[in-house]
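So this one's coords-v1.cif, mmCIF, C-alpha atoms:
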```
data_target
loop_
_atom_site.group_PDB
_atom_site.id
_atom_site.type_symbol
_atom_site.label_atom_id
_atom_site.label_comp_id
_atom_site.auth_asym_id
_atom_site.auth_seq_id
_atom_site.Cartn_x
_atom_site.Cartn_y
_atom_site.Cartn_z
ATOM 1 C CA MET F 30 89.104 95.566 217.006
ATOM 2 C CA ASN F 31 88.568 91.860 217.774
ATOM 3 C CA TYR F 32 88.249 92.742 221.465
ATOM 4 C CA LEU F 33 84.837 94.274 220.707
ATOM 5 C CA ASN F 34 83.427 90.811 220.114
ATOM 6 C CA ARG F 35 85.031 89.199 223.157
ATOM 7 C CA LYS F 36 83.271 88.736 226.446
ATOM 8 C CA LEU F 37 85.135 90.829 229.007
ATOM 9 C CA PRO F 38 84.674 91.516 232.712
ATOM 10 C CA THR F 39 82.309 94.358 233.540
ATOM 11 C CA ILE F 40 83.380 97.428 235.487
ATOM 12 C CA LYS F 41 81.035 96.344 238.295
ATOM 13 C CA GLN F 42 82.753 92.960 238.510
ATOM 14 C CA LEU F 43 86.163 94.602 238.733
ATOM 15 C CA GLN F 44 84.949 97.023 241.407
ATOM 16 C CA CYS F 45 83.458 94.192 243.463
ATOM 17 C CA PHE F 46 86.649 92.177 243.102
ATOM 18 C CA LEU F 47 88.787 95.117 244.251
ATOM 19 C CA ALA F 48 86.494 95.734 247.221
ATOM 20 C CA VAL F 49 86.875 92.128 248.382
ATOM 21 C CA ALA F 50 90.626 92.213 247.680
ATOM 22 C CA TYR F 51 90.905 95.301 249.887
ATOM 23 C CA GLU F 52 88.665 94.160 252.746
ATOM 24 C CA LEU F 53 89.335 90.409 252.534
ATOM 25 C CA ASN F 54 85.819 90.122 253.889
ATOM 26 C CA PHE F 55 82.697 89.765 251.737
ATOM 27 C CA ARG F 56 80.362 91.495 254.200
ATOM 28 C CA ARG F 57 82.562 94.567 254.582
ATOM 29 C CA ALA F 58 83.197 94.642 250.834
ATOM 30 C CA ALA F 59 79.438 94.658 250.196
ATOM 31 C CA GLU F 60 79.048 97.593 252.606
ATOM 32 C CA ARG F 61 81.821 99.447 250.787
ATOM 33 C CA MET F 62 80.016 98.855 247.500
ATOM 34 C CA LEU F 63 76.671 99.990 248.994
ATOM 35 C CA MET F 64 75.073 96.638 248.203
ATOM 36 C CA THR F 65 74.095 93.447 249.992
ATOM 37 C CA GLN F 66 76.410 90.450 250.147
ATOM 38 C CA PRO F 67 74.601 87.957 247.823
ATOM 39 C CA PRO F 68 74.779 90.176 244.682
ATOM 40 C CA LEU F 69 78.444 90.923 245.376
ATOM 41 C CA THR F 70 79.181 87.215 245.738
ATOM 42 C CA ARG F 71 77.465 86.550 242.398
ATOM 43 C CA GLN F 72 79.600 89.224 240.723
ATOM 44 C CA ILE F 73 82.766 87.512 242.002
ATOM 45 C CA GLN F 74 81.513 84.090 240.917
ATOM 46 C CA CYS F 75 80.717 85.349 237.409
ATOM 47 C CA LEU F 76 84.152 86.938 237.169
ATOM 48 C CA GLU F 77 85.891 83.725 238.262
ATOM 49 C CA GLU F 78 83.827 81.704 235.773
ATOM 50 C CA MET F 79 84.790 84.080 232.973
ATOM 51 C CA LEU F 80 88.478 83.891 233.887
ATOM 52 C CA ASP F 81 88.206 80.124 234.525
ATOM 53 C CA CYS F 82 90.215 80.392 237.733
ATOM 54 C CA SER F 83 89.794 81.145 241.421
ATOM 55 C CA LEU F 84 90.705 84.607 242.620
ATOM 56 C CA PHE F 85 90.091 83.942 246.307
ATOM 57 C CA THR F 86 90.620 81.112 248.750
ATOM 58 C CA ARG F 87 87.835 81.061 251.342
ATOM 59 C CA ASN F 88 87.174 79.258 254.594
ATOM 60 C CA THR F 89 84.727 79.862 257.424
ATOM 61 C CA HIS F 90 86.948 82.507 259.018
ATOM 62 C CA GLN F 91 89.168 84.189 256.413
ATOM 63 C CA VAL F 92 89.476 85.182 252.772
ATOM 64 C CA TYR F 93 92.798 85.146 250.863
ATOM 65 C CA LEU F 94 93.833 86.189 247.375
ATOM 66 C CA THR F 95 95.191 83.351 245.265
ATOM 67 C CA GLU F 96 98.432 83.905 243.314
ATOM 68 C CA VAL F 97 96.351 84.663 240.235
ATOM 69 C CA GLY F 98 94.190 86.949 242.333
ATOM 70 C CA VAL F 99 97.233 88.951 243.483
ATOM 71 C CA GLN F 100 98.334 89.524 239.891
ATOM 72 C CA PHE F 101 94.810 90.272 238.705
ATOM 73 C CA GLU F 102 94.319 92.778 241.547
ATOM 74 C CA LYS F 103 97.243 94.894 240.302
ATOM 75 C CA GLN F 104 95.939 95.014 236.736
ATOM 76 C CA ALA F 105 92.312 95.567 237.748
ATOM 77 C CA ARG F 106 93.267 98.443 240.051
ATOM 78 C CA GLU F 107 95.244 100.102 237.264
ATOM 79 C CA LEU F 108 92.338 99.756 234.838
ATOM 80 C CA ILE F 109 89.812 101.209 237.292
ATOM 81 C CA ASN F 110 92.146 104.090 238.188
ATOM 82 C CA GLN F 111 92.653 104.906 234.521
ATOM 83 C CA LEU F 112 88.923 104.856 233.873
ATOM 84 C CA ALA F 113 88.196 106.975 236.969
ATOM 85 C CA HIS F 114 90.801 109.501 235.837
ATOM 86 C CA LEU F 115 89.207 109.635 232.385
ATOM 87 C CA VAL F 116 85.743 110.247 233.867
ATOM 88 C CA ARG F 117 87.080 112.996 236.137
ATOM 89 C CA GLU F 118 88.774 114.704 233.217
ATOM 90 C CA ILE F 119 85.606 114.569 231.122
ATOM 91 C CA ASN F 120 83.609 116.064 234.005
ATOM 92 C CA ARG F 121 86.321 118.516 234.930
ATOM 93 C CA GLU F 122 84.573 121.541 233.498
ATOM 94 C CA SER F 123 81.071 120.534 234.574
ATOM 95 C CA CYS F 124 79.313 123.369 236.405
ATOM 96 C CA THR F 125 77.280 120.968 238.536
ATOM 97 C CA VAL F 126 78.578 120.333 242.053
ATOM 98 C CA ARG F 127 77.162 117.323 243.890
ATOM 99 C CA ILE F 128 76.946 117.746 247.666
ATOM 100 C CA GLY F 129 76.102 114.882 250.009
ATOM 101 C CA ILE F 130 74.858 115.539 253.544
ATOM 102 C CA THR F 131 74.747 113.000 256.348
ATOM 103 C CA ARG F 132 71.245 111.862 257.206
ATOM 104 C CA THR F 133 72.223 111.839 260.880
ATOM 105 C CA LEU F 134 71.518 115.591 260.978
ATOM 106 C CA ASP F 135 68.807 117.869 259.654
ATOM 107 C CA SER F 136 70.795 120.625 257.942
ATOM 108 C CA ASN F 137 67.689 122.801 257.632
ATOM 109 C CA LEU F 138 67.604 123.097 261.429
ATOM 110 C CA ILE F 139 71.291 123.960 261.847
ATOM 111 C CA PRO F 140 71.407 127.749 261.353
ATOM 112 C CA SER F 141 75.007 128.034 260.164
ATOM 113 C CA ILE F 142 74.643 125.293 257.550
ATOM 114 C CA TYR F 143 71.182 126.409 256.435
ATOM 115 C CA SER F 144 72.467 129.957 255.932
ATOM 116 C CA ALA F 145 75.402 128.659 253.912
ATOM 117 C CA PHE F 146 73.166 126.631 251.624
ATOM 118 C CA LYS F 147 70.908 129.631 251.066
ATOM 119 C CA LEU F 148 73.892 131.384 249.518
ATOM 120 C CA LEU F 149 74.124 128.624 246.924
ATOM 121 C CA ASP F 150 70.629 129.168 245.534
ATOM 122 C CA ASP F 151 72.054 130.761 242.393
ATOM 123 C CA THR F 152 74.543 127.949 241.844
ATOM 124 C CA ASN F 153 74.031 124.700 239.968
ATOM 125 C CA VAL F 154 74.192 122.375 242.988
ATOM 126 C CA ILE F 155 72.659 118.942 243.534
ATOM 127 C CA PHE F 156 72.050 117.775 247.111
ATOM 128 C CA SER F 157 71.780 114.229 248.465
ATOM 129 C CA HIS F 158 70.552 113.670 252.054
ATOM 130 C CA GLN F 159 69.995 109.941 252.311
ATOM 131 C CA LEU F 160 73.325 108.455 253.405
ATOM 132 C CA VAL F 161 75.403 108.013 256.549
ATOM 133 C CA SER F 162 78.857 109.595 256.755
ATOM 134 C CA LYS F 163 80.709 106.387 255.881
ATOM 135 C CA GLN F 164 78.707 105.981 252.672
ATOM 136 C CA LEU F 165 79.176 109.639 251.751
ATOM 137 C CA LEU F 166 82.945 109.278 251.983
ATOM 138 C CA GLN F 167 82.825 106.168 249.819
ATOM 139 C CA MET F 168 80.856 108.061 247.169
ATOM 140 C CA LEU F 169 83.222 111.024 247.434
ATOM 141 C CA GLY F 170 86.207 108.754 246.950
ATOM 142 C CA SER F 171 84.643 107.110 243.884
ATOM 143 C CA GLY F 172 83.797 110.462 242.286
ATOM 144 C CA LYS F 173 80.029 110.215 242.701
ATOM 145 C CA LEU F 174 80.060 113.261 245.002
ATOM 146 C CA ASP F 175 82.154 116.430 244.926
ATOM 147 C CA ILE F 176 81.594 117.648 248.497
ATOM 148 C CA ALA F 177 80.386 115.788 251.584
ATOM 149 C CA LEU F 178 79.204 117.038 254.965
ATOM 150 C CA VAL F 179 79.903 114.366 257.567
ATOM 151 C CA GLY F 180 79.564 114.021 261.324
ATOM 152 C CA GLU F 181 83.046 113.542 262.849
ATOM 153 C CA LYS F 182 86.232 112.490 261.065
ATOM 154 C CA PRO F 183 86.693 108.804 260.270
ATOM 155 C CA LEU F 184 89.586 106.887 261.754
ATOM 156 C CA SER F 185 91.043 105.898 258.377
ATOM 157 C CA HIS F 186 91.490 107.184 254.801
ATOM 158 C CA LEU F 187 92.496 110.593 256.173
ATOM 159 C CA GLN F 188 95.104 111.133 253.428
ATOM 160 C CA GLU F 189 92.505 110.571 250.728
ATOM 161 C CA PHE F 190 90.402 113.579 251.792
ATOM 162 C CA SER F 191 90.745 117.135 253.076
ATOM 163 C CA PHE F 192 88.574 117.893 256.133
ATOM 164 C CA TYR F 193 87.400 121.391 257.073
ATOM 165 C CA TRP F 194 85.576 122.019 260.348
ATOM 166 C CA LEU F 195 82.211 123.605 259.608
ATOM 167 C CA SER F 196 80.001 123.518 262.691
ATOM 168 C CA ARG F 197 79.319 121.767 266.007
ATOM 169 C CA GLU F 198 75.984 120.107 266.699
ATOM 170 C CA PRO F 199 75.148 119.499 270.393
ATOM 171 C CA LEU F 200 73.638 116.214 271.484
ATOM 172 C CA MET F 201 70.420 116.321 273.484
ATOM 173 C CA LEU F 202 68.837 113.722 275.716
ATOM 174 C CA ALA F 203 65.563 112.033 274.758
ATOM 175 C CA LEU F 204 63.978 110.617 277.925
ATOM 176 C CA PRO F 205 60.597 109.651 279.379
ATOM 177 C CA SER F 206 58.652 112.750 280.357
ATOM 178 C CA PHE F 207 57.660 111.127 283.689
ATOM 179 C CA HIS F 208 61.304 110.643 284.744
ATOM 180 C CA PRO F 209 62.356 112.993 287.586
ATOM 181 C CA ALA F 210 65.190 114.416 285.446
ATOM 182 C CA SER F 211 62.632 115.775 282.969
ATOM 183 C CA LEU F 212 61.860 118.533 285.488
ATOM 184 C CA LYS F 213 65.309 120.022 284.923
ATOM 185 C CA GLU F 214 66.194 122.413 282.103
ATOM 186 C CA ARG F 215 69.637 120.812 281.755
ATOM 187 C CA VAL F 216 70.301 117.207 282.703
ATOM 188 C CA LEU F 217 73.429 115.412 283.868
ATOM 189 C CA LEU F 218 73.967 111.875 282.635
ATOM 190 C CA GLN F 219 74.223 110.915 286.277
ATOM 191 C CA ASP F 220 70.595 112.049 286.708
ATOM 192 C CA VAL F 221 69.434 109.364 284.247
ATOM 193 C CA ALA F 222 71.964 106.631 284.948
ATOM 194 C CA ASP F 223 69.071 104.359 285.995
ATOM 195 C CA LEU F 224 67.894 104.291 282.355
ATOM 196 C CA PRO F 225 69.659 102.194 279.711
ATOM 197 C CA LEU F 226 71.077 104.196 276.787
ATOM 198 C CA TYR F 227 70.040 103.241 273.264
ATOM 199 C CA TRP F 228 73.414 103.150 271.518
ATOM 200 C CA PHE F 229 74.664 102.592 267.974
ATOM 201 C CA SER F 230 77.417 100.236 266.852
ATOM 202 C CA ARG F 231 80.970 101.408 266.305
ATOM 203 C CA ARG F 232 80.715 100.467 262.642
ATOM 204 C CA ALA F 233 77.950 103.033 262.050
ATOM 205 C CA ASN F 234 80.195 106.012 262.906
ATOM 206 C CA PRO F 235 83.614 105.062 264.347
ATOM 207 C CA GLY F 236 84.632 108.685 264.945
ATOM 208 C CA LEU F 237 81.569 109.663 266.977
ATOM 209 C CA TYR F 238 81.465 106.282 268.715
ATOM 210 C CA GLY F 239 85.067 106.629 269.904
ATOM 211 C CA LYS F 240 84.564 110.231 270.985
ATOM 212 C CA CYS F 241 81.558 109.392 273.157
ATOM 213 C CA GLU F 242 82.871 106.091 274.517
ATOM 214 C CA THR F 243 86.065 107.804 275.672
ATOM 215 C CA TYR F 244 83.912 110.152 277.742
ATOM 216 C CA PHE F 245 81.658 107.369 279.028
ATOM 217 C CA GLN F 246 84.682 105.472 280.346
ATOM 218 C CA GLN F 247 85.638 108.502 282.452
ATOM 219 C CA LEU F 248 82.282 108.698 284.208
ATOM 220 C CA PRO F 249 82.316 107.691 287.908
ATOM 221 C CA PHE F 250 79.166 105.605 287.440
ATOM 222 C CA PRO F 251 78.149 102.781 285.068
ATOM 223 C CA LEU F 252 76.127 103.606 281.965
ATOM 224 C CA LYS F 253 74.245 100.635 280.556
ATOM 225 C CA ARG F 254 73.967 100.536 276.750
ATOM 226 C CA ILE F 255 71.375 98.643 274.714
ATOM 227 C CA PRO F 256 71.289 98.279 270.890
ATOM 228 C CA LYS F 257 69.659 101.162 269.059
ATOM 229 C CA PRO F 258 66.837 100.056 266.722
ATOM 230 C CA ASP F 259 67.259 100.820 263.010
ATOM 231 C CA ASP F 260 63.959 102.704 263.096
ATOM 232 C CA SER F 261 64.303 105.816 265.267
ATOM 233 C CA LEU F 262 60.514 106.089 265.648
ATOM 234 C CA ILE F 263 60.454 102.678 267.320
ATOM 235 C CA MET F 264 63.223 103.830 269.651
ATOM 236 C CA LEU F 265 61.353 107.013 270.569
ATOM 237 C CA ALA F 266 58.170 105.020 271.217
ATOM 238 C CA ASN F 267 60.105 102.753 273.583
ATOM 239 C CA ILE F 268 61.575 105.774 275.371
ATOM 240 C CA ALA F 269 58.089 107.229 275.818
ATOM 241 C CA ARG F 270 57.152 103.966 277.566
ATOM 242 C CA GLY F 271 60.127 104.280 279.927
ATOM 243 C CA LYS F 272 62.293 101.631 278.231
ATOM 244 C CA GLY F 273 65.411 103.789 278.019
ATOM 245 C CA MET F 274 66.927 107.049 276.809
ATOM 246 C CA ALA F 275 68.922 108.267 273.803
ATOM 247 C CA LEU F 276 71.475 110.895 272.861
ATOM 248 C CA MET F 277 70.348 112.619 269.670
ATOM 249 C CA PRO F 278 71.612 115.528 267.542
ATOM 250 C CA GLN F 279 69.718 118.678 268.457
ATOM 251 C CA SER F 280 68.452 119.123 264.885
ATOM 252 C CA MET F 281 66.804 115.691 265.015
ATOM 253 C CA CYS F 282 64.882 116.272 268.251
ATOM 254 C CA VAL F 283 61.640 117.191 266.525
ATOM 255 C CA SER F 284 59.427 114.103 266.747
ATOM 256 C CA MET F 285 56.898 114.575 269.555
ATOM 257 C CA ARG F 286 54.694 112.012 271.277
ATOM 258 C CA GLU F 287 53.041 111.565 274.633
ATOM 259 C CA GLY F 288 55.481 110.392 277.282
ATOM 260 C CA LEU F 289 58.576 111.712 275.444
ATOM 261 C CA CYS F 290 60.613 114.858 276.070
ATOM 262 C CA TYR F 291 63.973 116.308 275.074
ATOM 263 C CA ARG F 292 66.379 118.039 277.416
ATOM 264 C CA LYS F 293 69.718 119.775 276.944
ATOM 265 C CA LEU F 294 72.722 118.204 278.602
ATOM 266 C CA ASP F 295 74.470 119.877 281.496
ATOM 267 C CA LYS F 296 77.467 121.924 280.362
ATOM 268 C CA SER F 297 80.005 119.388 281.650
ATOM 269 C CA ASP F 298 78.465 116.624 279.517
ATOM 270 C CA ASN F 299 77.620 118.901 276.606
ATOM 271 C CA GLU F 300 81.252 119.958 276.110
ATOM 272 C CA LYS F 301 82.202 116.354 275.363
ATOM 273 C CA LEU F 302 79.039 114.932 273.796
ATOM 274 C CA ASN F 303 78.561 116.697 270.476
ATOM 275 C CA ILE F 304 79.066 116.149 266.762
ATOM 276 C CA ASP F 305 81.707 118.104 264.881
ATOM 277 C CA ILE F 306 80.523 118.584 261.314
ATOM 278 C CA TYR F 307 83.176 118.604 258.604
ATOM 279 C CA LEU F 308 83.094 119.642 254.976
ATOM 280 C CA VAL F 309 85.111 117.112 252.993
ATOM 281 C CA ILE F 310 86.599 117.180 249.504
ATOM 282 C CA ARG F 311 89.130 114.927 247.828
ATOM 283 C CA SER F 312 92.726 115.822 248.671
ATOM 284 C CA ASN F 313 93.595 116.140 244.977
ATOM 285 C CA GLU F 314 90.550 118.280 244.137
ATOM 286 C CA HIS F 315 91.484 120.996 241.652
ATOM 287 C CA ARG F 316 88.259 122.033 239.921
ATOM 288 C CA ASP F 317 87.571 125.719 240.340
ATOM 289 C CA ASN F 318 83.803 125.343 240.793
ATOM 290 C CA VAL F 319 84.168 122.816 243.637
ATOM 291 C CA LEU F 320 86.888 124.856 245.358
ATOM 292 C CA HIS F 321 84.800 128.026 244.962
ATOM 293 C CA ILE F 322 81.756 126.488 246.670
ATOM 294 C CA THR F 323 83.992 125.000 249.368
ATOM 295 C CA GLN F 324 85.366 128.436 250.191
ATOM 296 C CA LYS F 325 81.883 129.949 250.071
ATOM 297 C CA LEU F 326 80.580 127.438 252.632
ATOM 298 C CA LEU F 327 83.586 127.807 254.902
ATOM 299 C CA ALA F 328 83.458 131.604 254.813
ATOM 300 C CA ILE F 329 80.322 131.763 256.972
ATOM 301 C CA SER F 330 81.020 128.832 259.282
ATOM 302 C CA PRO F 331 81.310 129.785 262.978
ATOM 303 C CA LYS F 332 84.773 129.932 264.458
ATOM 304 C CA ASN F 333 86.023 127.541 267.113
#
```
Before we go any further, please render this structure as structure tokens.
Amino acid sequence: MNYLNRKLPTIKQLQCFLAVAYELNFRRAAERMLMTQPPLTRQIQCLEEMLDCSLFTRNTHQVYLTEVGVQFEKQARELINQLAHLVREINRESCTVRIGITRTLDSNLIPSIYSAFKLLDDTNVIFSHQLVSKQLLQMLGSGKLDIALVGEKPLSHLQEFSFYWLSREPLMLALPSFHPASLKERVLLQDVADLPLYWFSRRANPGLYGKCETYFQQLPFPLKRIPKPDDSLIMLANIARGKGMALMPQSMCVSMREGLCYRKLDKSDNEKLNIDIYLVIRSNEHRDNVLHITQKLLAISPKN
């Protein structure tokens, strides 16, 4: 029992180390850990001080594992996997199912999803609505969530999860109400090509980004993109002043202000510019309560 009195690495330090070992990039590792970069760097520094050796070789452009780091990565991964398995087994019979929903959409305004959730009123379910799809999948993979509803499939980690199509959310156009296209019930992108499009980065949602960009590249006219502000209210205020336009999920087109309007896209654009919503569970999920709720949600989803 002498190990009880020894100073050992914390679980957080091992998780941070494994994140950096996987990404070989401190910024991306911090995003994976849902933290900022300085605290993650401190965790690595404390771990290296405790071990009295360097685990990474760093320069201004790249990060490498040292020889010790390579060996330590194997052992640390095994320890974390064993601990994660233990936690899952302890929680195996828990009746609580944790469901995470992407904050990109308002599930209360999507009839099919809202109706499905109403059926779960008599079930012990905890909802979380404050994360983007990428973060939800990270939490699902780490066991902090049991089910996730995400917008579009990611481009990686597909073997780690099982994806089930649940619903399709159309994108609508937010544009200045004094623009000529606002007089139409349905708008073609060509009608507003004179306005720059507020657009998100690929990193925010690679699946949706790739889906839309593929369509944009096929358009016979240029479509100027400008960075989307982090605060959507600022973006909508700029649109109301004629500074641009935005494509937004239909369920999120609820904020009203003078000078702003929302219009449906013409059918030709609408068929390509939408968000497919997927229910996601871990590929090795075997708990009856999670599988039961999964089937219950899928049973009322609309068919393709």
What do you get, as a PDB file with C-alpha atoms, in the frame of the given file, if you spell out every residue that the PyMOL selection byres ((chain F and resi 311) around 9) selects here?
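Final output, part34.pdb:
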```pdb
ATOM      1  CA  LEU F 169      83.222 111.024 247.434  1.00  0.00           C
ATOM      2  CA  GLY F 170      86.207 108.754 246.950  1.00  0.00           C
ATOM      3  CA  GLY F 172      83.797 110.462 242.286  1.00  0.00           C
ATOM      4  CA  ASP F 175      82.154 116.430 244.926  1.00  0.00           C
ATOM      5  CA  ILE F 176      81.594 117.648 248.497  1.00  0.00           C
ATOM      6  CA  GLU F 189      92.505 110.571 250.728  1.00  0.00           C
ATOM      7  CA  PHE F 190      90.402 113.579 251.792  1.00  0.00           C
ATOM      8  CA  SER F 191      90.745 117.135 253.076  1.00  0.00           C
ATOM      9  CA  PHE F 192      88.574 117.893 256.133  1.00  0.00           C
ATOM     10  CA  VAL F 309      85.111 117.112 252.993  1.00  0.00           C
ATOM     11  CA  ILE F 310      86.599 117.180 249.504  1.00  0.00           C
ATOM     12  CA  SER F 312      92.726 115.822 248.671  1.00  0.00           C
ATOM     13  CA  ASN F 313      93.595 116.140 244.977  1.00  0.00           C
ATOM     14  CA  GLU F 314      90.550 118.280 244.137  1.00  0.00           C
ATOM     15  CA  HIS F 315      91.484 120.996 241.652  1.00  0.00           C
TER      16      HIS F 315
END
```
To test your reading of the syntax: which residues would the PyMOL selection byres ((chain F and resi 46-52) around 10) return for the file shown? Reply as a count of residues only. 36
If you measure from atom CA of Ser211 of chain F to atom CA of Gln246 of chain F, what distance in Å do you get, rounded to one decimal?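 Distance reported for this atom pair: 24.5 Å.
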Go through F:Val319, F:Met168, F:Ala203, F:Leu184 and flag the residue nearest Leu237 of chain F, using only C-alpha atoms for the distances.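 Of the candidates, the smallest distance to Leu237 of chain F is held by F:Leu184.
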When the PyMOL selection byres ((chain F and resi 259-276) around 7) is applied to the structure above, which residues does it catch, written out as a list of chain:residue names? F:Leu200, F:Met201, F:Leu202, F:Ala203, F:Leu204, F:Pro205, F:Leu224, F:Pro225, F:Leu226, F:Tyr227, F:Lys257, F:Pro258, F:Met277, F:Glu287, F:Gly288, F:Leu289
Using only C-alpha atoms, the best pick from F:Leu166, F:Ile128, F:Ile139, F:Cys241 as closest to Lys182 of chain F would be F:Leu166
Given the choices F:Leu138, F:Leu252, F:Met281, F:Leu160, which gets closest to Leu218 of chain F if the distance is worked out from only C-alpha atoms? F:Leu252
Find, counting all atoms listed in the file, the residue in F:Asn88, F:Met64, F:Ile142, F:Val126 that gets nearest to His321 of chain F.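 Of the candidates, the smallest distance to His321 of chain F is held by F:Val126.
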To one decimal place, how far is atom CA of Leu326 of chain F from atom CA of Glu181 of chain F in Å? 17.4 Å
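You will find atom CA of Lys296 of chain F at 8.4 Å from atom CA of Leu217 of chain F.
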Could you give me, as a list in words, the residues within 12 Å of Phe250 of chain F, counting all atoms listed in the file and dropping anything in the same chain fewer than 3 positions from it?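 These residues fall inside the cut-off: Leu217, Leu218, Gln219, Asp220, Val221, Ala222, Asp223, Tyr244, Phe245, Gln246, Gln247 and Lys253 of chain F.
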So that I can check the surroundings of Leu134 of chain F, please list as an mmCIF file with C-alpha atoms, in the coordinates of the input every protein, DNA and RNA residue that reaches within 12 Å of it, counting all atoms listed in the file and ignoring chain neighbours fewer than 6 positions away.
```
data_model
loop_
_atom_site.group_PDB
_atom_site.id
_atom_site.type_symbol
_atom_site.label_atom_id
_atom_site.label_comp_id
_atom_site.auth_asym_id
_atom_site.auth_seq_id
_atom_site.Cartn_x
_atom_site.Cartn_y
_atom_site.Cartn_z
ATOM 1 C CA ILE F 142 74.643 125.293 257.550
ATOM 2 C CA TYR F 143 71.182 126.409 256.435
ATOM 3 C CA HIS F 158 70.552 113.670 252.054
ATOM 4 C CA GLN F 159 69.995 109.941 252.311
ATOM 5 C CA LEU F 160 73.325 108.455 253.405
ATOM 6 C CA VAL F 161 75.403 108.013 256.549
ATOM 7 C CA SER F 162 78.857 109.595 256.755
ATOM 8 C CA LEU F 178 79.204 117.038 254.965
ATOM 9 C CA VAL F 179 79.903 114.366 257.567
ATOM 10 C CA GLY F 180 79.564 114.021 261.324
ATOM 11 C CA GLU F 181 83.046 113.542 262.849
ATOM 12 C CA SER F 196 80.001 123.518 262.691
ATOM 13 C CA ARG F 197 79.319 121.767 266.007
ATOM 14 C CA GLU F 198 75.984 120.107 266.699
ATOM 15 C CA PRO F 199 75.148 119.499 270.393
ATOM 16 C CA LEU F 200 73.638 116.214 271.484
ATOM 17 C CA MET F 277 70.348 112.619 269.670
ATOM 18 C CA PRO F 278 71.612 115.528 267.542
ATOM 19 C CA GLN F 279 69.718 118.678 268.457
ATOM 20 C CA SER F 280 68.452 119.123 264.885
ATOM 21 C CA MET F 281 66.804 115.691 265.015
ATOM 22 C CA CYS F 282 64.882 116.272 268.251
ATOM 23 C CA VAL F 283 61.640 117.191 266.525
ATOM 24 C CA ASN F 303 78.561 116.697 270.476
ATOM 25 C CA ILE F 304 79.066 116.149 266.762
ATOM 26 C CA ASP F 305 81.707 118.104 264.881
ATOM 27 C CA ILE F 306 80.523 118.584 261.314
#
```
Mind working out the centre and edge lengths of an axis-aligned box for segment 167-179 of chain F, all listed atoms inside, 6 Å added to each side, rounded to one decimal in Å and written as AutoDock Vina command-line options?
```
--center_x 82.7 --center_y 111.9 --center_z 249.9 --size_x 19.0 --size_y 23.5 --size_z 27.3
```
